[in-house]
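Below is one structure, written out as structure tokens; the observations come after it.
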Amino acid sequence: MALDLLSDAVVDTVSLPATNARVLKMRGIGSSSTVTGLEVRLSRVFIKDNRTPKVWPFPGFADVYLLLVVFDNLNPEPQALTLSGFARIDDGEDVPVDKTAYLWKQQDPADPAPSQVHVLLSVLKSKKGLRDTAAILAQARDSDDYRSLVGEVVGAIAGAPARTAEIILRLGAVVGNLLKEVEDKPLFTQVISFTDINGDFDNLGKTPVVKMNNYVQTTLTLVVRDPSREPAA
């Protein structure tokens, strides 16, 4: 069977809590249009249950892949496309990740800030040993399906944002299916959309976004910088 990323995927446009930044906005002080820096960090991937029975003498470890795909509205290509393998992950164990998934810094005052950032993260369980992930990504990038779906994602971001998550999931499945020896059902898949129209970039500083199912818990951290709204030191 083909890898199924769409079923049971967590798809969400983040609703962040009210902060001082939003209070200031209500008083007429600038909002996301004056943002000078954005970062989305992959702060945590915690494996609650790796779906591997512990039957003596087997310890119940699992080899897992993390698939990360990130698009924004400023570029016609993914701003991140990574596939990382991690061996012998146990129940109740953190996958060793804490890295930047997306980063934008304003280089010129006239540069527009992103208005949409879409992040796909999928945790896939391998049925055999880990494969050469660099070769898999190269193979994916060379495929007609990949190129076609990248174009569809870019078109959706520009004209039909509500379809973006579905198409990114299909794009992720193109990469995942090249792994071949993975379980058809991922341990966890999510697409999180950060958008200016939802007010996500109005919140200054760091905002953790935690999502989970029965098997995996993840934390993405949105970091927003805007000197015009930051308190004076």
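Residue numbers start at 1 in each chain; chains themselves are named A, B, ... in the order of the structure tokens; ligands are numbered from 1 in the order shown.
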Could you go through region 47-194 of chain A and tell me which residues DSSP, when run on the backbone, assigns to strand (DSSP E), listing them as a VMD selection string? chain A and resid 47 62 to 72 80 to 89 93 to 95 99 to 105 116 to 125 188 to 194
Region 109-124 of chain A environment, 7 Å, only C-alpha atoms, sequence neighbours closer than 4 positions dropped, as a PyMOL selection string: chain A and resi 33+35+64-74+182+186-196
Identify which of the residues A:Gly129, A:Pro76, A:Gly172, A:Gly159 lies closest to Ala9 (chain A), counting only C-alpha atoms when measuring atom-to-atom distances. A:Gly172
Alpha helix (DSSP H) residues, from DSSP on the backbone, in region 4-233 of chain A, as a PyMOL selection string: chain A and resi 20-26+133-141+144-159+164-179
Computed interatomic separation between CA of Tyr102 (chain A) and CA of Leu171 (chain A) (Å):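 Those two atoms sit 17.9 Å apart.
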Give me, as a list in words, all polymer residues having an atom no more than 12 Å from Arg141 (chain A), counting only C-alpha atoms and skipping those fewer than 4 positions away in the same chain.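 Selected residues are Glu77, Pro78, Leu81, Thr82, Ala134, Ala135, Ile136, Leu137, Asp145, Tyr146, Arg147, Ser148, Leu149, Val150, Leu171, Gly172, Val174, Val175 and Leu178 of chain A.
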Taking all heavy atoms for each residue, export the selection above as a short mmCIF file (atom, residue, chain, number, x, y, z; two decimals), in the first residue's frame.
```cif
data_model
loop_
_atom_site.label_atom_id
_atom_site.label_comp_id
_atom_site.auth_asym_id
_atom_site.auth_seq_id
_atom_site.Cartn_x
_atom_site.Cartn_y
_atom_site.Cartn_z
N GLU A 77 9.63 27.96 -4.36
CA GLU A 77 10.19 26.66 -4.00
C GLU A 77 10.04 26.46 -2.49
O GLU A 77 9.91 27.43 -1.74
CB GLU A 77 11.68 26.59 -4.37
CG GLU A 77 11.97 26.64 -5.86
CD GLU A 77 11.60 25.36 -6.57
OE1 GLU A 77 11.52 24.30 -5.90
OE2 GLU A 77 11.38 25.40 -7.80
N PRO A 78 10.08 25.21 -2.03
CA PRO A 78 10.06 24.99 -0.58
C PRO A 78 11.23 25.70 0.09
O PRO A 78 12.36 25.67 -0.42
CB PRO A 78 10.19 23.47 -0.45
CG PRO A 78 9.81 22.92 -1.77
CD PRO A 78 10.17 23.95 -2.78
N LEU A 81 13.10 21.45 2.85
CA LEU A 81 12.70 20.10 2.46
C LEU A 81 13.77 19.17 2.99
O LEU A 81 14.85 19.04 2.41
CB LEU A 81 12.57 19.97 0.94
CG LEU A 81 12.26 18.56 0.43
CD1 LEU A 81 10.92 18.07 0.95
CD2 LEU A 81 12.28 18.51 -1.10
N THR A 82 13.51 18.57 4.14
CA THR A 82 14.50 17.71 4.79
C THR A 82 13.88 16.38 5.16
O THR A 82 12.69 16.29 5.47
CB THR A 82 15.10 18.37 6.05
OG1 THR A 82 14.07 18.56 7.03
CG2 THR A 82 15.72 19.72 5.71
N ALA A 134 19.53 11.52 1.71
CA ALA A 134 19.93 12.50 0.68
C ALA A 134 19.58 11.98 -0.71
O ALA A 134 19.11 12.73 -1.58
CB ALA A 134 21.42 12.79 0.79
N ALA A 135 19.80 10.69 -0.93
CA ALA A 135 19.47 10.10 -2.23
C ALA A 135 17.97 10.11 -2.47
O ALA A 135 17.50 10.35 -3.60
CB ALA A 135 20.02 8.68 -2.31
N ILE A 136 17.20 9.86 -1.42
CA ILE A 136 15.74 9.88 -1.55
C ILE A 136 15.26 11.28 -1.93
O ILE A 136 14.41 11.45 -2.82
CB ILE A 136 15.07 9.44 -0.24
CG1 ILE A 136 15.40 7.98 0.07
CG2 ILE A 136 13.57 9.65 -0.29
CD1 ILE A 136 14.86 6.99 -0.92
N LEU A 137 15.79 12.31 -1.28
CA LEU A 137 15.38 13.68 -1.59
C LEU A 137 15.77 14.06 -3.02
O LEU A 137 15.00 14.72 -3.72
CB LEU A 137 16.00 14.66 -0.59
CG LEU A 137 15.41 14.64 0.82
CD1 LEU A 137 16.18 15.61 1.71
CD2 LEU A 137 13.93 15.00 0.80
N ASP A 145 6.09 14.27 -10.55
CA ASP A 145 5.05 14.49 -9.54
C ASP A 145 5.47 15.60 -8.58
O ASP A 145 4.66 16.46 -8.21
CB ASP A 145 4.77 13.21 -8.75
CG ASP A 145 3.98 12.20 -9.55
OD1 ASP A 145 3.38 12.59 -10.57
OD2 ASP A 145 3.95 11.02 -9.15
N TYR A 146 6.73 15.57 -8.17
CA TYR A 146 7.22 16.59 -7.24
C TYR A 146 7.13 17.97 -7.86
O TYR A 146 6.59 18.91 -7.25
CB TYR A 146 8.67 16.27 -6.85
CG TYR A 146 9.32 17.35 -6.00
CD1 TYR A 146 9.19 17.34 -4.62
CD2 TYR A 146 10.06 18.37 -6.59
CE1 TYR A 146 9.78 18.33 -3.84
CE2 TYR A 146 10.66 19.35 -5.82
CZ TYR A 146 10.52 19.33 -4.45
OH TYR A 146 11.09 20.32 -3.69
N ARG A 147 7.64 18.12 -9.08
CA ARG A 147 7.64 19.43 -9.72
C ARG A 147 6.22 19.95 -9.91
O ARG A 147 5.92 21.12 -9.70
CB ARG A 147 8.35 19.36 -11.08
CG ARG A 147 9.81 18.98 -11.05
CD ARG A 147 10.66 19.80 -10.11
NE ARG A 147 10.36 21.23 -10.16
CZ ARG A 147 10.78 22.10 -9.27
NH1 ARG A 147 11.48 21.70 -8.22
NH2 ARG A 147 10.48 23.38 -9.38
N SER A 148 5.33 19.05 -10.31
CA SER A 148 3.94 19.45 -10.53
C SER A 148 3.29 19.92 -9.23
O SER A 148 2.59 20.95 -9.19
CB SER A 148 3.15 18.28 -11.12
OG SER A 148 1.78 18.59 -11.23
N LEU A 149 3.52 19.18 -8.14
CA LEU A 149 2.89 19.52 -6.87
C LEU A 149 3.48 20.79 -6.26
O LEU A 149 2.77 21.56 -5.60
CB LEU A 149 2.99 18.35 -5.89
CG LEU A 149 2.05 17.19 -6.22
CD1 LEU A 149 2.42 15.95 -5.41
CD2 LEU A 149 0.60 17.58 -5.95
N VAL A 150 4.78 21.03 -6.45
CA VAL A 150 5.36 22.30 -5.99
C VAL A 150 4.64 23.46 -6.66
O VAL A 150 4.27 24.45 -6.02
CB VAL A 150 6.87 22.36 -6.28
CG1 VAL A 150 7.41 23.79 -6.13
CG2 VAL A 150 7.63 21.43 -5.33
N LEU A 171 2.41 16.36 -1.60
CA LEU A 171 3.83 16.51 -1.92
C LEU A 171 4.68 15.70 -0.95
O LEU A 171 5.63 15.01 -1.36
CB LEU A 171 4.21 17.99 -1.85
CG LEU A 171 5.68 18.34 -2.08
CD1 LEU A 171 6.10 17.97 -3.50
CD2 LEU A 171 5.93 19.82 -1.82
N GLY A 172 4.35 15.76 0.33
CA GLY A 172 5.10 14.97 1.31
C GLY A 172 5.00 13.48 1.03
O GLY A 172 5.97 12.73 1.22
N VAL A 174 4.83 12.09 -1.85
CA VAL A 174 5.74 11.76 -2.96
C VAL A 174 7.12 11.39 -2.40
O VAL A 174 7.74 10.41 -2.82
CB VAL A 174 5.86 12.94 -3.94
CG1 VAL A 174 7.01 12.73 -4.92
CG2 VAL A 174 4.55 13.13 -4.70
N VAL A 175 7.59 12.17 -1.43
CA VAL A 175 8.88 11.88 -0.81
C VAL A 175 8.79 10.61 0.02
O VAL A 175 9.63 9.70 -0.09
CB VAL A 175 9.35 13.06 0.07
CG1 VAL A 175 10.68 12.73 0.73
CG2 VAL A 175 9.45 14.34 -0.75
N LEU A 178 8.91 7.15 -1.65
CA LEU A 178 10.20 6.71 -2.17
C LEU A 178 11.01 5.94 -1.12
O LEU A 178 11.94 5.21 -1.46
CB LEU A 178 11.00 7.91 -2.67
CG LEU A 178 10.44 8.60 -3.93
CD1 LEU A 178 11.21 9.87 -4.23
CD2 LEU A 178 10.49 7.66 -5.13
#
```
Identify, on the basis of only C-alpha atoms, every residue whose closest approach to Val153 (chain A) does not exceed 8 Å; exclude the query and any residue fewer than 6 positions from it along the same chain; express the result as a VMD selection string. chain A and resid 164 167 to 168
Let's have the selection written as a CSV table (one decimal), in the first residue's frame, with all heavy atoms.
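Saved to out-v6.csv:
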```csv
chain,number,residue,atom,x,y,z
A,164,THR,N,-4.0,24.7,0.5
A,164,THR,CA,-2.5,24.5,0.6
A,164,THR,C,-2.1,23.3,1.4
A,164,THR,O,-1.3,22.5,1.0
A,164,THR,CB,-1.9,25.8,1.2
A,164,THR,OG1,-2.2,26.9,0.4
A,164,THR,CG2,-0.4,25.7,1.3
A,167,ILE,N,-2.4,20.0,-0.5
A,167,ILE,CA,-1.5,19.8,-1.6
A,167,ILE,C,-0.1,19.5,-1.0
A,167,ILE,O,0.7,18.7,-1.5
A,167,ILE,CB,-1.4,21.0,-2.5
A,167,ILE,CG1,-2.8,21.2,-3.1
A,167,ILE,CG2,-0.4,20.7,-3.7
A,167,ILE,CD1,-3.0,22.5,-3.9
A,168,ILE,N,0.3,20.2,0.1
A,168,ILE,CA,1.5,19.9,0.8
A,168,ILE,C,1.6,18.5,1.3
A,168,ILE,O,2.6,17.8,1.2
A,168,ILE,CB,1.8,20.9,1.9
A,168,ILE,CG1,2.0,22.3,1.3
A,168,ILE,CG2,3.0,20.5,2.7
A,168,ILE,CD1,2.2,23.4,2.4
```
Taking 4 positions as the minimum chain separation for residues in the same chain, which residues sit within 6 Å of region 43-54 of chain A when counting only C-alpha atoms? Answer as a ChimeraX atom specification. /A:59-60,91-95,98,215-220
Nearest residue to Glu39 (chain A) from the set A:Leu179, A:Leu103, A:Leu83, A:Leu5 (distances using only C-alpha atoms): A:Leu103
If you count only C-alpha atoms, which residues fall within 8 Å of Gly205 (chain A), apart from same-chain ones fewer than 3 positions away, as an mmCIF file with N, CA and C atoms, in the first residue's frame?
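Result went into selection_21.cif, see below:
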```cif
data_model
loop_
_atom_site.group_PDB
_atom_site.id
_atom_site.type_symbol
_atom_site.label_atom_id
_atom_site.label_comp_id
_atom_site.auth_asym_id
_atom_site.auth_seq_id
_atom_site.Cartn_x
_atom_site.Cartn_y
_atom_site.Cartn_z
ATOM 1 N N LEU A 222 7.088 29.650 17.212
ATOM 2 C CA LEU A 222 7.073 30.805 16.319
ATOM 3 C C LEU A 222 7.767 31.972 17.018
ATOM 4 N N VAL A 223 8.761 32.555 16.340
ATOM 5 C CA VAL A 223 9.509 33.689 16.885
ATOM 6 C C VAL A 223 9.283 34.886 15.964
ATOM 7 N N VAL A 224 8.807 35.991 16.533
ATOM 8 C CA VAL A 224 8.510 37.199 15.761
ATOM 9 C C VAL A 224 9.314 38.358 16.334
ATOM 10 N N ARG A 225 10.031 39.066 15.449
ATOM 11 C CA ARG A 225 10.784 40.258 15.849
ATOM 12 C C ARG A 225 10.233 41.474 15.113
#
```
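Pairwise distance (CA of Glu166 (chain A), CA of Lys185 (chain A)) equals 16.5 Å.
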List the neighbours of Phe61 (chain A) out to 6 Å using only C-alpha atoms; skip same-chain residues closer than 5 positions along the sequence, and give me the result as a list in words.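 Once the adjacent positions are removed, what remains is Arg88, Ile89 and Asp90 of chain A.
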Output N, CA and C atoms for every residue in that selection, as a tab-separated table (two decimals), in the first residue's frame.
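Below is the file that was written, out-v5.tsv:
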```tsv
chain	number	residue	atom	x	y	z
A	88	ARG	N	16.79	3.53	16.62
A	88	ARG	CA	16.60	2.99	17.96
A	88	ARG	C	15.94	4.00	18.91
A	89	ILE	N	14.79	4.49	18.50
A	89	ILE	CA	14.03	5.41	19.33
A	89	ILE	C	13.03	4.62	20.17
A	90	ASP	N	13.02	4.87	21.46
A	90	ASP	CA	12.18	4.13	22.39
A	90	ASP	C	10.90	4.91	22.71
```
Closest of A:Ala173, A:Val40, A:Val209, A:Ala80 to Asp4 (chain A) - atom-to-atom distances counting only C-alpha atoms: A:Ala173
Using only C-alpha atoms, which of the listed residues (A:Thr221, A:Phe86, A:Thr34, A:Ala62) sits closest to Asp132 (chain A)?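 Using only C-alpha atoms, the shortest distance to Asp132 (chain A) belongs to A:Phe86.
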